Structure formats: C-alpha cells, structure tokens
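Undergrad: As input, take entry27.cif (mmCIF, C-alpha atoms):
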data_protein
loop_
_atom_site.label_atom_id
_atom_site.label_comp_id
_atom_site.auth_asym_id
_atom_site.auth_seq_id
_atom_site.Cartn_x
_atom_site.Cartn_y
_atom_site.Cartn_z
CA MET C 1 122.94 86.21 118.24
CA PHE C 2 119.90 84.72 119.98
CA LEU C 3 118.14 81.65 118.58
CA CYS C 4 114.48 80.74 118.87
CA GLN C 5 113.40 78.77 121.88
CA GLU C 6 110.22 76.81 122.36
CA LYS C 7 106.76 78.23 123.00
CA VAL C 8 107.64 81.78 122.01
CA LEU C 9 104.60 82.60 119.93
CA LEU C 10 100.96 81.65 119.72
CA SER C 11 99.34 81.84 116.28
CA GLU C 12 95.57 82.16 116.17
CA GLU C 13 94.17 80.97 112.84
CA SER C 14 90.70 81.88 111.61
CA LEU C 15 89.28 78.39 112.20
CA SER C 16 91.48 77.04 114.95
CA VAL C 17 94.16 77.93 117.45
CA SER C 18 97.50 76.19 117.06
CA LYS C 19 100.75 76.57 118.92
CA TYR C 20 103.86 77.12 116.83
CA VAL C 21 106.84 75.61 118.60
CA LEU C 22 109.91 77.15 117.00
CA MET C 23 112.97 75.02 117.60
CA SER C 24 116.36 76.65 117.97
CA ASN C 25 117.63 75.04 114.78
CA THR C 26 114.84 76.39 112.57
CA THR C 27 114.90 80.16 112.92
CA ASP C 28 117.20 83.04 113.83
CA LEU C 29 114.67 85.87 113.67
CA ILE C 30 110.95 86.17 114.33
CA ILE C 31 109.07 89.09 112.80
CA VAL C 32 105.52 89.99 113.78
CA GLY C 33 103.81 91.84 110.94
CA ALA C 34 104.41 91.76 107.18
CA GLY C 35 103.93 95.41 106.35
CA PRO C 36 106.66 97.64 104.81
CA GLY C 37 108.90 97.30 107.86
CA GLY C 38 108.27 93.61 108.46
CA TYR C 39 108.69 92.30 104.93
CA ARG C 40 111.70 94.54 104.35
CA ALA C 41 113.32 93.17 107.51
CA ALA C 42 112.54 89.61 106.43
CA GLU C 43 113.92 90.10 102.93
CA TYR C 44 117.09 91.81 104.10
CA ALA C 45 117.75 89.34 106.92
CA ALA C 46 117.18 86.38 104.62
CA ARG C 47 119.68 87.73 102.09
CA GLN C 48 122.19 88.00 104.93
CA GLY C 49 121.75 84.29 105.66
CA LEU C 50 119.40 84.43 108.64
CA LYS C 51 116.51 81.99 108.96
CA VAL C 52 113.37 84.07 109.37
CA THR C 53 109.83 83.31 110.52
CA ILE C 54 107.33 86.09 109.88
CA PHE C 55 103.76 86.22 111.21
CA GLU C 56 100.94 88.09 109.49
CA ALA C 57 97.28 87.97 110.55
CA GLY C 58 95.94 89.78 107.50
CA GLU C 59 97.15 90.43 103.97
CA VAL C 60 100.86 90.87 103.44
CA GLY C 61 101.91 94.42 102.65
CA GLY C 62 100.25 95.92 105.72
CA THR C 63 98.19 99.10 105.88
CA CYS C 64 100.29 100.94 103.30
CA LEU C 65 99.78 98.50 100.46
CA ASN C 66 96.26 97.28 101.21
CA VAL C 67 94.34 100.24 102.64
CA GLY C 68 96.79 103.13 102.81
CA CYS C 69 99.51 104.66 100.64
CA ILE C 70 98.99 102.61 97.48
CA PRO C 71 95.18 102.62 97.24
CA THR C 72 95.03 106.34 97.95
CA LYS C 73 97.56 107.00 95.20
CA THR C 74 95.37 105.17 92.69
CA TYR C 75 92.65 107.64 93.70
CA VAL C 76 95.04 110.58 93.39
CA HIS C 77 95.95 109.64 89.82
CA ALA C 78 92.44 108.73 88.62
CA ALA C 79 90.09 111.12 86.83
CA THR C 80 86.84 109.66 88.21
CA PHE C 81 85.64 107.73 91.24
CA ASP C 82 84.79 104.64 89.16
CA GLU C 83 88.19 104.70 87.47
CA ALA C 84 89.89 104.94 90.87
CA ARG C 85 88.05 101.90 92.22
CA SER C 86 88.81 99.88 89.13
CA ARG C 87 92.47 100.83 89.15
CA MET C 88 92.81 100.07 92.88
CA ALA C 89 91.38 96.59 92.29
CA GLN C 90 94.17 95.94 89.78
CA VAL C 91 97.14 97.59 91.46
CA VAL C 92 96.79 96.32 95.04
CA PRO C 93 96.66 92.57 94.23
CA GLN C 94 99.56 92.97 91.80
CA LEU C 95 101.78 94.59 94.42
CA ARG C 96 100.61 92.16 97.10
CA GLN C 97 101.75 89.31 94.87
CA GLY C 98 105.13 91.00 94.66
CA VAL C 99 105.41 90.93 98.46
CA GLU C 100 104.34 87.29 98.48
CA SER C 101 107.21 86.58 96.08
CA ILE C 102 109.68 88.33 98.40
CA LEU C 103 108.47 86.23 101.32
CA ALA C 104 108.85 83.03 99.29
CA HIS C 105 112.63 83.22 99.83
CA PRO C 106 113.95 79.82 101.04
CA ASN C 107 115.19 81.43 104.27
CA ILE C 108 111.73 82.84 105.09
CA THR C 109 108.77 81.01 106.60
CA LEU C 110 105.50 82.95 106.37
CA VAL C 111 102.97 82.02 109.06
CA ARG C 112 99.47 83.30 108.37
CA GLY C 113 98.03 83.98 111.80
CA ARG C 114 98.12 86.22 114.84
CA ALA C 115 101.12 86.19 117.12
CA ALA C 116 101.21 86.73 120.88
CA PHE C 117 104.17 86.41 123.22
CA MET C 118 103.97 83.69 125.87
CA THR C 119 107.29 84.05 127.69
CA PRO C 120 110.01 86.68 128.16
CA THR C 121 112.60 84.15 127.00
CA ALA C 122 112.75 84.88 123.27
CA PRO C 123 114.99 84.94 120.20
CA ASN C 124 115.75 87.92 118.00
CA ILE C 125 112.29 89.39 117.56
CA ILE C 126 111.17 92.36 115.48
CA ILE C 127 107.72 93.75 116.25
CA ALA C 128 106.33 95.46 113.14
CA THR C 129 102.58 95.51 113.72
CA GLY C 130 102.00 99.00 112.36
CA SER C 131 99.18 101.31 113.41
CA GLU C 132 95.42 101.72 113.35
CA THR C 133 92.91 104.55 113.21
CA LYS C 134 92.79 106.85 116.23
CA TRP C 135 89.12 107.60 116.79
CA LEU C 136 87.89 110.75 118.50
CA PRO C 137 86.27 109.96 121.87
CA ILE C 138 82.92 111.50 120.96
CA GLU C 139 79.45 110.00 121.02
CA GLY C 140 78.58 108.21 117.80
CA ALA C 141 82.12 107.94 116.49
CA ARG C 142 81.86 104.13 116.30
CA THR C 143 78.09 103.79 115.85
CA ASP C 144 77.00 106.51 113.42
CA PRO C 145 76.68 104.70 110.05
CA ARG C 146 77.96 107.78 108.25
CA VAL C 147 81.35 107.65 109.99
CA VAL C 148 84.24 105.81 108.34
CA ASP C 149 87.99 105.77 108.64
CA SER C 150 90.29 105.81 105.60
CA THR C 151 89.79 102.06 105.09
CA GLY C 152 86.03 102.46 105.08
CA LEU C 153 86.20 105.39 102.68
CA LEU C 154 88.17 103.30 100.20
CA GLN C 155 85.50 100.61 100.42
CA LEU C 156 82.65 102.92 99.38
CA ASP C 157 81.01 101.79 96.14
CA ARG C 158 79.27 105.11 95.55
CA LEU C 159 80.65 108.64 95.45
CA PRO C 160 79.26 110.63 98.41
CA ARG C 161 77.52 113.86 97.46
CA ARG C 162 78.64 115.55 100.69
CA LEU C 163 81.81 114.46 102.46
CA ALA C 164 82.90 115.88 105.81
CA ILE C 165 86.47 115.22 106.94
CA ILE C 166 87.49 115.55 110.58
CA GLY C 167 91.20 116.35 110.61
CA ALA C 168 93.42 118.33 108.23
CA GLY C 169 96.49 116.15 108.47
CA VAL C 170 97.95 114.11 105.63
CA ILE C 171 95.05 111.63 105.34
CA GLY C 172 92.38 114.30 105.55
CA MET C 173 94.00 116.65 103.06
CA GLU C 174 94.71 113.95 100.48
CA PHE C 175 91.13 112.66 100.52
CA ALA C 176 89.73 116.20 100.52
CA SER C 177 91.66 116.99 97.35
CA VAL C 178 90.72 113.71 95.66
CA PHE C 179 87.01 113.66 96.45
CA ARG C 180 86.55 117.32 95.53
CA ARG C 181 88.06 116.53 92.16
CA PHE C 182 85.64 113.60 91.80
CA GLY C 183 82.74 115.99 92.40
CA SER C 184 81.86 115.65 96.10
CA GLU C 185 81.07 118.68 98.25
CA VAL C 186 83.93 118.56 100.76
CA THR C 187 84.19 120.20 104.17
CA VAL C 188 87.32 119.82 106.31
CA ILE C 189 87.00 120.40 110.07
CA GLU C 190 90.23 120.98 111.99
CA TYR C 191 90.90 121.82 115.63
CA LEU C 192 94.24 123.53 114.92
CA ARG C 193 94.64 126.92 113.27
CA GLU C 194 96.37 125.49 110.19
CA CYS C 195 96.46 122.26 108.20
CA LEU C 196 99.42 119.89 107.87
CA PRO C 197 101.38 120.86 111.01
CA ALA C 198 104.55 119.10 109.81
CA LEU C 199 104.77 121.53 106.88
CA ASP C 200 106.17 125.03 107.04
CA SER C 201 103.16 127.14 108.03
CA ASP C 202 103.59 129.49 105.04
CA ILE C 203 103.53 126.56 102.60
CA ALA C 204 100.60 124.91 104.40
CA LYS C 205 98.55 128.11 104.31
CA ARG C 206 99.21 128.68 100.60
CA LEU C 207 98.19 125.10 99.79
CA ARG C 208 95.01 125.40 101.87
CA LYS C 209 94.07 128.67 100.18
CA TYR C 210 94.57 127.06 96.78
CA LEU C 211 92.33 124.12 97.75
CA GLU C 212 89.72 126.58 98.99
CA ARG C 213 89.69 128.09 95.50
CA GLN C 214 89.00 124.62 94.16
CA GLY C 215 85.82 124.49 96.23
CA ILE C 216 86.86 122.79 99.49
CA THR C 217 85.40 124.37 102.64
CA PHE C 218 87.71 124.57 105.64
CA ARG C 219 86.48 125.11 109.20
CA MET C 220 89.69 125.74 111.11
CA LYS C 221 90.01 126.10 114.89
CA THR C 222 86.84 124.05 115.23
CA ALA C 223 86.32 121.21 117.70
CA VAL C 224 83.85 118.43 116.90
CA GLU C 225 81.68 117.69 119.94
CA ASN C 226 78.57 116.23 118.35
CA LEU C 227 78.43 114.35 115.04
CA ALA C 228 74.74 115.24 114.71
CA ASP C 229 75.84 118.80 113.95
CA ILE C 230 77.70 117.68 110.82
CA ASP C 231 75.57 117.84 107.68
CA ALA C 232 77.13 115.20 105.42
CA ASP C 233 76.41 111.86 103.79
CA VAL C 234 79.80 110.44 104.83
CA ILE C 235 82.09 111.57 107.66
CA LEU C 236 85.76 110.61 107.43
CA MET C 237 87.57 110.27 110.75
CA ALA C 238 91.07 111.45 109.80
CA THR C 239 92.39 112.32 113.26
CA GLY C 240 95.60 110.35 113.06
CA ARG C 241 96.79 106.85 113.81
CA LYS C 242 98.00 105.02 116.90
CA PRO C 243 100.43 102.10 117.34
CA ARG C 244 98.81 98.67 117.03
CA THR C 245 99.80 96.56 120.06
CA GLU C 246 96.53 95.03 121.24
CA GLY C 247 96.60 91.26 121.60
CA LEU C 248 100.38 90.90 121.53
CA ASP C 249 100.60 90.23 125.29
CA LEU C 250 103.67 92.44 125.53
CA GLU C 251 103.53 92.21 129.30
CA ALA C 252 105.08 88.75 128.97
CA LEU C 253 108.19 90.46 127.65
CA GLY C 254 108.21 93.13 130.33
CA ILE C 255 107.37 95.89 127.85
CA THR C 256 105.66 99.01 129.19
CA LEU C 257 104.16 101.21 126.50
CA ALA C 258 104.86 104.94 126.23
CA PRO C 259 102.03 107.40 127.02
CA ASN C 260 101.14 107.54 123.31
CA GLY C 261 100.78 103.75 123.19
CA ALA C 262 104.06 103.20 121.35
CA ILE C 263 106.77 100.69 122.18
CA PRO C 264 109.80 102.65 123.47
CA VAL C 265 113.01 102.00 121.53
CA ASP C 266 116.57 103.30 121.29
CA ASP C 267 118.34 104.52 118.16
CA ASN C 268 118.87 100.94 116.95
CA PHE C 269 115.12 100.35 117.46
CA GLN C 270 115.83 97.90 120.24
CA VAL C 271 113.15 97.88 122.92
CA ILE C 272 114.01 99.78 126.09
CA SER C 273 113.32 98.10 129.40
CA PRO C 274 110.97 100.04 131.70
CA HIS C 275 113.03 98.87 134.68
CA SER C 276 116.40 100.16 133.51
CA SER C 277 118.20 103.26 132.28
CA LEU C 278 117.63 104.63 128.80
CA HIS C 279 120.44 102.67 127.18
CA GLU C 280 119.72 99.26 128.69
CA LYS C 281 117.41 96.69 127.15
CA THR C 282 115.20 93.92 128.48
CA PRO C 283 117.54 90.94 128.99
CA PRO C 284 118.01 88.30 127.81
CA SER C 285 115.95 89.03 124.69
CA ALA C 286 116.99 90.88 121.56
CA LEU C 287 113.72 92.71 120.95
CA TYR C 288 113.13 95.37 118.34
CA ALA C 289 110.12 97.48 117.33
CA ILE C 290 110.10 99.16 113.94
CA GLY C 291 107.67 101.30 111.98
CA ASP C 292 104.47 102.88 113.26
CA VAL C 293 104.39 100.69 116.38
CA ASN C 294 107.30 102.64 117.91
CA GLY C 295 105.60 105.96 117.15
CA ARG C 296 108.78 107.71 116.01
CA GLN C 297 108.22 108.40 112.31
CA MET C 298 104.94 107.00 111.04
CA LEU C 299 105.92 106.66 107.39
CA ALA C 300 106.29 103.53 105.26
CA HIS C 301 109.76 104.50 104.06
CA ALA C 302 110.83 105.17 107.65
CA ALA C 303 109.70 101.65 108.60
CA GLU C 304 111.76 100.15 105.78
CA MET C 305 114.93 101.92 106.84
CA GLN C 306 114.32 101.13 110.50
CA ALA C 307 114.10 97.48 109.41
CA VAL C 308 117.56 97.71 107.85
CA ARG C 309 118.99 99.33 110.98
CA ALA C 310 117.47 96.67 113.28
CA VAL C 311 118.76 93.76 111.19
CA ASN C 312 122.17 95.40 110.94
CA HIS C 313 122.26 95.65 114.72
CA ILE C 314 121.40 91.96 115.02
CA LEU C 315 124.24 91.16 112.62
CA GLY C 316 126.69 93.52 114.32
CA LYS C 317 126.97 95.69 111.20
CA SER C 318 127.14 99.48 111.16
CA ASP C 319 125.39 101.76 108.66
CA GLY C 320 125.14 105.44 107.82
CA ILE C 321 121.36 105.84 107.76
CA ARG C 322 120.34 109.38 108.76
CA PHE C 323 117.04 109.09 110.65
CA ASP C 324 117.25 112.78 111.51
CA ILE C 325 116.67 113.51 107.82
CA MET C 326 113.29 112.05 106.92
CA PRO C 327 111.46 113.43 103.87
CA ALA C 328 107.68 113.22 103.64
CA ALA C 329 105.05 114.00 101.02
CA ILE C 330 101.36 114.86 100.91
CA PHE C 331 99.71 113.84 97.65
CA THR C 332 97.12 116.55 97.29
CA ALA C 333 96.73 118.32 93.95
CA PRO C 334 99.17 119.98 93.78
CA GLU C 335 101.28 117.84 96.08
CA ALA C 336 103.38 119.07 98.98
CA ALA C 337 106.58 117.74 100.54
CA CYS C 338 109.07 118.56 103.24
CA VAL C 339 112.38 117.58 104.79
CA GLY C 340 114.16 119.13 107.75
CA LEU C 341 113.12 122.06 109.91
CA THR C 342 110.34 124.57 109.28
CA GLU C 343 110.91 128.32 109.54
CA ASP C 344 108.89 128.41 112.76
CA GLN C 345 111.12 125.72 114.28
CA LEU C 346 114.28 127.54 113.25
CA LYS C 347 113.01 130.76 114.83
CA ALA C 348 111.94 128.98 118.02
CA ALA C 349 115.36 127.34 118.36
CA GLY C 350 117.16 130.64 117.77
CA THR C 351 119.08 129.12 114.85
CA PRO C 352 120.67 131.71 112.52
CA TYR C 353 119.37 130.84 109.06
CA VAL C 354 118.72 132.14 105.57
CA CYS C 355 115.55 131.41 103.61
CA LYS C 356 115.56 131.17 99.82
CA LYS C 357 112.32 131.06 97.84
CA SER C 358 111.36 130.14 94.31
CA PHE C 359 108.07 129.73 92.47
CA TRP C 360 106.62 127.30 89.95
CA ARG C 361 105.26 130.18 87.86
CA ALA C 362 108.83 131.24 87.03
CA ASN C 363 109.84 127.79 85.76
CA GLY C 364 109.71 126.96 82.05
CA LYS C 365 108.73 123.30 82.49
CA ALA C 366 105.94 124.22 84.91
CA LEU C 367 104.58 126.76 82.44
CA ALA C 368 104.72 124.23 79.62
CA MET C 369 102.89 121.68 81.80
CA GLY C 370 100.24 124.20 82.85
CA GLU C 371 101.25 123.60 86.50
CA THR C 372 102.18 127.07 87.69
CA GLU C 373 100.81 126.85 91.24
CA GLY C 374 103.57 126.27 93.75
CA MET C 375 106.29 127.65 95.99
CA LEU C 376 109.52 126.31 97.48
CA LYS C 377 111.33 127.46 100.62
CA LEU C 378 114.92 126.37 101.15
CA PHE C 379 116.57 126.93 104.52
CA ALA C 380 120.30 126.98 105.23
CA SER C 381 122.59 127.85 108.11
CA ALA C 382 123.56 131.52 108.15
CA ASP C 383 126.97 130.49 109.49
CA ASP C 384 128.22 127.92 106.97
CA GLY C 385 125.47 127.62 104.35
CA VAL C 386 124.67 123.97 105.12
CA ILE C 387 121.14 123.14 103.98
CA LEU C 388 118.77 122.69 106.94
CA GLY C 389 115.46 121.98 105.26
CA CYS C 390 113.13 122.38 102.31
CA HIS C 391 109.35 122.73 102.22
CA ALA C 392 107.35 123.04 99.02
CA TYR C 393 104.04 122.61 97.29
CA GLY C 394 103.55 122.29 93.55
CA ALA C 395 103.67 119.68 90.80
CA HIS C 396 106.20 116.93 91.64
CA ALA C 397 107.22 118.69 94.86
CA ALA C 398 108.06 115.29 96.37
CA ASP C 399 110.69 114.62 93.71
CA ILE C 400 112.33 117.98 94.31
CA VAL C 401 112.35 117.57 98.09
CA GLN C 402 113.82 114.09 97.69
CA GLU C 403 116.82 115.69 95.97
CA VAL C 404 117.22 118.03 98.93
CA SER C 405 117.03 115.07 101.32
CA VAL C 406 119.95 113.43 99.53
CA LEU C 407 121.95 116.65 99.64
CA MET C 408 121.26 117.09 103.35
CA CYS C 409 122.54 113.57 104.05
CA LYS C 410 125.88 114.77 102.68
CA ASN C 411 125.81 118.15 104.48
CA THR C 412 125.68 120.05 101.21
CA THR C 413 125.81 123.86 101.25
CA LEU C 414 123.80 126.37 99.21
CA SER C 415 126.86 127.36 97.20
CA GLU C 416 127.62 123.73 96.39
CA LEU C 417 124.03 123.20 95.23
CA ALA C 418 124.22 126.33 93.07
CA ASP C 419 127.27 124.85 91.33
CA MET C 420 125.47 121.60 90.43
CA VAL C 421 124.19 121.29 86.85
CA HIS C 422 120.45 120.66 86.51
CA ILE C 423 118.77 119.52 83.29
CA HIS C 424 116.83 122.16 81.36
CA PRO C 425 113.90 122.30 81.15
CA THR C 426 112.93 120.47 84.36
CA LEU C 427 111.09 121.27 87.55
CA SER C 428 114.32 120.59 89.44
CA GLU C 429 115.51 124.00 88.23
CA ILE C 430 113.09 125.46 90.79
CA LEU C 431 115.46 124.18 93.47
CA LYS C 432 118.54 125.46 91.69
CA SER C 433 116.89 128.88 91.32
CA ALA C 434 116.32 129.01 95.06
CA ALA C 435 119.97 128.19 95.76
CA GLU C 436 121.14 130.92 93.39
#
Rewrite the structure from the file as structure tokens, please.

TA:
Amino acid sequence: MFLCQEKVLLSEESLSVSKYVLMSNTTDLIIVGAGPGGYRAAEYAARQGLKVTIFEAGEVGGTCLNVGCIPTKTYVHAATFDEARSRMAQVVPQLRQGVESILAHPNITLVRGRAAFMTPTAPNIIIATGSETKWLPIEGARTDPRVVDSTGLLQLDRLPRRLAIIGAGVIGMEFASVFRRFGSEVTVIEYLRECLPALDSDIAKRLRKYLERQGITFRMKTAVENLADIDADVILMATGRKPRTEGLDLEALGITLAPNGAIPVDDNFQVISPHSSLHEKTPPSALYAIGDVNGRQMLAHAAEMQAVRAVNHILGKSDGIRFDIMPAAIFTAPEAACVGLTEDQLKAAGTPYVCKKSFWRANGKALAMGETEGMLKLFASADDGVILGCHAYGAHAADIVQEVSVLMCKNTTLSELADMVHIHPTLSEILKSAAE
C-alpha cells in the first residue's frame, strides 16, 4: 500500500489558490472527482478502513446526478415541461445531500477545489473526473446562441417550439422522446443509418419507427455542415461525450492519453505506463482511472463497479465482477435496454446462435397497462444454450434486461430460464415466453 507524500495535489479554490500538503499519516487514498465512481470509491474504501481524501471542483454527485441521468429521468417521468423543472429542482438537491452524507464518513476528507498533479511520486490515487460534451467541429457550434448541450437544455426556462437534435444516441433519443411529449416539434439529425448503435439494429429500427409515429422527424444518414441550415429555436448537440482530463497535469505522472482522450487502464483499472508493456504500470505510483475518464464503459453503474474493483486491488482483495456483462438502458417512451451481443455482432463473429423473440402485445400485464408496444430478442449459444444477450424495447424493458444480466453472470441456459417460475401477471413473463 502506498501512502500520501507531500505536494501531491494542488487545489484551486474559487477565490484563492492554496496548496494541500497531504502528510503520509493523514491519508491512504486520494480520489479526484466525486461523481458516481469517485464517491462510491470513497465510501467503499472508508468502510474498509482506509483514510480517504476526495477532491471535487463542482457539486458532489458529478454529471449523472446534477446534469445527467437523474435530471433527465425527472423529465422522462413528468407530464409537462413545468412539472419536470419543478420536480428536478426538488430531486437533485435531495440526492446531492445524500452524497454529502456519504462523504461525511469520519475516514473521508472532502476538499472542495480543483486538483492537479505536481509530481510523479504519489500515493494510491483514483482519477474519476468523468466526461464532458463532445462538440462537433463545425462553425458556430460554440457561438450560435441556439446551440446547447444536455446541460444547457436542462437549464431552459421555456419550452422550445422547435427543437433540433444533432445525434441519435442515448442523449439525443431520450430528449427527443421527452420534448415531443411536452409539445415541441422535434427533428433528430443523425450521420449513421440507424439510431442507438449499441442496440440490436432490429430493436433500434422498431423503436425509431414508433417514435416517428409519435411525431418525431428523423433525418438519418445526414451530416451537419452548417448550423444556419437548421430551422429550429434550440439545437441540442448530442454527439457524445469525451473524457475530462484538462487541467489535471497528467504529464507529471507520465500518463499519455489514448487517441480518444481517455486514460489507458488495465482490467483492474490501474493506469498503464506509455513506456512499458501492456501489463506494467507507471512506478512507483498506484494510479487508477475509473468511470468515463478511462473511456471503457461510459455508464454511471459501470463507474461504481469499477470503483469497487480498483479499491479491491488496492486492498489485495479479489472479486467476481463481470465487466464483460454490462447492461444499459435508454429511457425513451417506451424505454429500451440491452445486455450482451447484438445479432449483427453474433453474425459478424461467426458465432452459432439461436434467437428467441417475444412481444409486449402478447403479455397480459402489458395489455392491462395499455403498454402493448414492444419486442424482446433473446440470444443464446446454439451449442450449449448459454444466454449471450438480450435486447428489448417496451415498458420496463430495463427491468427485464437486468434480470437477463444477472442470469448471464451465472452462465444460465435457455432451458434453465424456462424452468424458473415467474410471477403472473408480470412483464417478466415476456422473458420467460421467449425462453420457452
């Protein structure tokens, strides 16, 4: 275990710059960033007896809590724009206070300020600085007053009459669904031929067609070259996110970023030295990078589990976390979710597989709820029946896919799933129907 040495970090406060000298007897672990990965790492390490110092320049909770996952979900579950804004103003501070309580643990010191590395001689350090909007390199992207990112869209105090969204990924599709329901005229512009590339293409197409019937206009296979050509009151830049590393002075630690701007890490999320082989690290530091900043799986729940793995590695503990099985959800209406391989990926890899399908319209609970739009595809090995993936859209698709994720972690087969009792009437019977 490495202990903190002096002059490791520089914290830049809003009114002054002060140097935090962390003595070796005061901390075992430094964490930069108090988002889902950072505060989870701090909480878990503190419970294991480590002394933790965590730096956060903004609000605790990171992008997800303050301007990402949580605020957007208040919009998803609100009936009107005004209700969404009111609900967001209540939910976000409440959850932020919960994170503040976690970081009040006696083994945790929260430093409110920016952190930068001053020397390659360092203690156990976890970098968890998250990500930021990736802007298209086109004229006017940062100067046109109509253009906002997801943070800016959530700060609007008036519902736009015409909203154009550049990008049909998760962020773009969720906001398209929400703002169309609120009453905006919504146009989605996407360079690729289909939306949501992480989803099975069949599922993605069916969801897009459904949203088209709800009044959303899609312009697929379209490149944006001039913002002046877009006729809209507000333009949302939803073209993805990039790792946030600016200002950390990572060069002092000998870190060379990957081509996508991410910090390269191994399977324990320990930083890989640019001057060594794949499995060697930058000595003598124990440096880790978790969450969006390593660019591996840009999901809040991935960051939390990466935090556990990194702390376990510091402690010399093993775990059984399956990072190859990472479920994800898109909270459109209806929502979509996925885990494992798509049918296109299985075909490209030449993997023998079987595909089982089931539909919301054939499920009693879905009919009773009036939520009959939806389809599920379940993939399994043609050789031994082990489940390889599940992609779906429909009411509560995320809950159903989460069940599949658990089953995949235990290498469950289709026949074993078919033998498992499911409550009637529930939407989970859609999954059981597919297995049968």

Undergrad: Using the chain letters and numbers from the file, which residues does the PyMOL selection byres ((chain C and resi 168) around 10) grab, as number ranges by chain?

TA: C: 165-167, 169-176, 188-192, 194-197, 208, 218-220, 238-240

Undergrad: Using all atoms listed in the file, determine which residues lie at most 6 Å from range 284-295 of chain C, disregarding the query and same-chain residues fewer than 3 positions distant; provide the list as a list of chain:residue names.

TA: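 The residues that qualify are C:Gly37, C:Ala122, C:Asn124, C:Ile125, C:Ile126, C:Ile127, C:Ala128, C:Gly130, C:Ser131, C:Pro243, C:Arg244, C:Ala262, C:Ile263, C:Phe269, C:Gln270, C:Val271, C:Met298, C:Ala303, C:Gln306.
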
Undergrad: Determine the residue membership of the PyMOL selection byres ((chain C and resi 43) around 9) for the file above and supply it as a ChimeraX atom specification.

TA: /C:38-42,44-48,52,102-103,105,107-108

Undergrad: Please dump the current selection as a PDB file, in the coordinates of the input; keep C-alpha atoms.

TA:
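Heads up, here's the output in part_7.pdb:
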ATOM      1  CA  GLY C  38     108.270  93.610 108.460  1.00  0.00           C
ATOM      2  CA  TYR C  39     108.690  92.300 104.930  1.00  0.00           C
ATOM      3  CA  ARG C  40     111.700  94.540 104.350  1.00  0.00           C
ATOM      4  CA  ALA C  41     113.320  93.170 107.510  1.00  0.00           C
ATOM      5  CA  ALA C  42     112.540  89.610 106.430  1.00  0.00           C
ATOM      6  CA  TYR C  44     117.090  91.810 104.100  1.00  0.00           C
ATOM      7  CA  ALA C  45     117.750  89.340 106.920  1.00  0.00           C
ATOM      8  CA  ALA C  46     117.180  86.380 104.620  1.00  0.00           C
ATOM      9  CA  ARG C  47     119.680  87.730 102.090  1.00  0.00           C
ATOM     10  CA  GLN C  48     122.190  88.000 104.930  1.00  0.00           C
ATOM     11  CA  VAL C  52     113.370  84.070 109.370  1.00  0.00           C
ATOM     12  CA  ILE C 102     109.680  88.330  98.400  1.00  0.00           C
ATOM     13  CA  LEU C 103     108.470  86.230 101.320  1.00  0.00           C
ATOM     14  CA  HIS C 105     112.630  83.220  99.830  1.00  0.00           C
ATOM     15  CA  ASN C 107     115.190  81.430 104.270  1.00  0.00           C
ATOM     16  CA  ILE C 108     111.730  82.840 105.090  1.00  0.00           C
TER      17      ILE C 108
END

Undergrad: Using the chain letters and numbers from the file, which residues does the PyMOL selection byres ((chain C and resi 55-61) around 7) grab, as a PyMOL selection string?

TA: chain C and resi 31-36+53-54+62-66+96+99+110-115

Undergrad: Check the smallest atom-to-atom distance from each of C:Lys365, C:Ala397, C:Arg181, C:Glu343 to Ser381 in chain C using all atoms listed in the file, then report the winner.

TA: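 Ranked by minimum distance to Ser381 in chain C, first place goes to C:Glu343.
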
Undergrad: Compile the contact shell of Ala368 in chain C as a PyMOL selection string: residues with an atom at most 12 Å away, counting all atoms listed in the file, same-chain residues fewer than 5 positions apart removed.

TA: chain C and resi 360-363+425-427

Undergrad: What separation in Å, quoted to one decimal, exists between CA of Leu341 in chain C and CA of Asp200 in chain C?

TA: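 CA of Asp200 in chain C lies at a distance of 8.1 Å from CA of Leu341 in chain C.
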
Undergrad: Between C:Arg241, C:Arg193, C:Lys51, C:Arg180, which has the minimum distance to Gly215 in chain C (counting all atoms listed in the file)?

TA: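 Among the listed residues, C:Arg180 lies closest to Gly215 in chain C.
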
Undergrad: Compare C:Gly247, C:Gly183, C:Gly389, C:Pro264 by their minimum atom-to-atom distance to Leu346 in chain C, counting all atoms listed in the file, and give me the closest one.

TA: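 Of the candidates, the smallest distance to Leu346 in chain C is held by C:Gly389.
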
Undergrad: With all atoms listed in the file as the atoms that count, which of C:Asp144, C:Asp266, C:Glu212, C:Asp319 lies nearest to Met237 in chain C?

TA: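 Smallest distance to Met237 in chain C is found for C:Asp144.
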
Undergrad: My list of candidates is C:Thr332, C:Thr26, C:Thr217, C:Gln402. Which is closest to Ser177 in chain C when distances are computed with all atoms listed in the file?

TA: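 Smallest distance to Ser177 in chain C is found for C:Thr332.
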
Undergrad: Please report the interatomic distance between CA of Asp149 in chain C and CA of Leu211 in chain C in Å with one decimal.

TA: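 It comes out at 21.8 Å.
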
Undergrad: Given the choices C:Asp399, C:Glu132, C:Glu335, C:Asp202, which gets closest to Lys73 in chain C if the distance is worked out from all atoms listed in the file?

TA: C:Glu335

Undergrad: Could you jot down the CA of Asp344 in chain C to CA of Ser201 in chain C separation for me, Å, one decimal place?

TA: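 Taking CA of Asp344 in chain C as the start and CA of Ser201 in chain C as the end point, the length is 7.5 Å.
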
Undergrad: Could you pull the residues within 9 Å of Glu139 in chain C, counting only C-alpha atoms, minus those fewer than 6 positions along the same chain, as a PyMOL selection string?

TA: chain C and resi 225-227

Undergrad: For Ala333 in chain C, work out the shell of residues within 8 Å, counting only C-alpha atoms and skipping chain neighbours fewer than 5 positions away, then give it as a list in words.

TA: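 After dropping sequence-adjacent residues, the list is Val76, Ser177, Val178, Gly394 and Ala395 of chain C.
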
Undergrad: Generate N, CA, C and O atoms for range 66-72 of chain C and emit them as a JSON list (two decimals), in the coordinates of the input.

TA:
[["chain", "number", "residue", "atom", "x", "y", "z"],
["C", 66, "ASN", "N", 97.63, 97.76, 101.35],
["C", 66, "ASN", "CA", 96.26, 97.28, 101.21],
["C", 66, "ASN", "C", 95.19, 98.35, 101.40],
["C", 66, "ASN", "O", 94.19, 98.35, 100.68],
["C", 67, "VAL", "N", 95.38, 99.25, 102.36],
["C", 67, "VAL", "CA", 94.34, 100.24, 102.64],
["C", 67, "VAL", "C", 94.91, 101.62, 102.92],
["C", 67, "VAL", "O", 94.25, 102.47, 103.52],
["C", 68, "GLY", "N", 96.15, 101.86, 102.50],
["C", 68, "GLY", "CA", 96.79, 103.13, 102.81],
["C", 68, "GLY", "C", 97.42, 103.79, 101.61],
["C", 68, "GLY", "O", 96.74, 104.21, 100.66],
["C", 69, "CYS", "N", 98.76, 103.88, 101.64],
["C", 69, "CYS", "CA", 99.51, 104.66, 100.64],
["C", 69, "CYS", "C", 99.15, 104.31, 99.20],
["C", 69, "CYS", "O", 98.86, 105.18, 98.38],
["C", 70, "ILE", "N", 99.17, 103.02, 98.88],
["C", 70, "ILE", "CA", 98.99, 102.61, 97.48],
["C", 70, "ILE", "C", 97.56, 102.82, 97.00],
["C", 70, "ILE", "O", 97.35, 103.44, 95.93],
["C", 71, "PRO", "N", 96.54, 102.35, 97.71],
["C", 71, "PRO", "CA", 95.18, 102.62, 97.24],
["C", 71, "PRO", "C", 94.86, 104.10, 97.10],
["C", 71, "PRO", "O", 94.23, 104.52, 96.12],
["C", 72, "THR", "N", 95.32, 104.91, 98.06],
["C", 72, "THR", "CA", 95.03, 106.34, 97.95],
["C", 72, "THR", "C", 95.71, 106.95, 96.74],
["C", 72, "THR", "O", 95.17, 107.87, 96.12]]
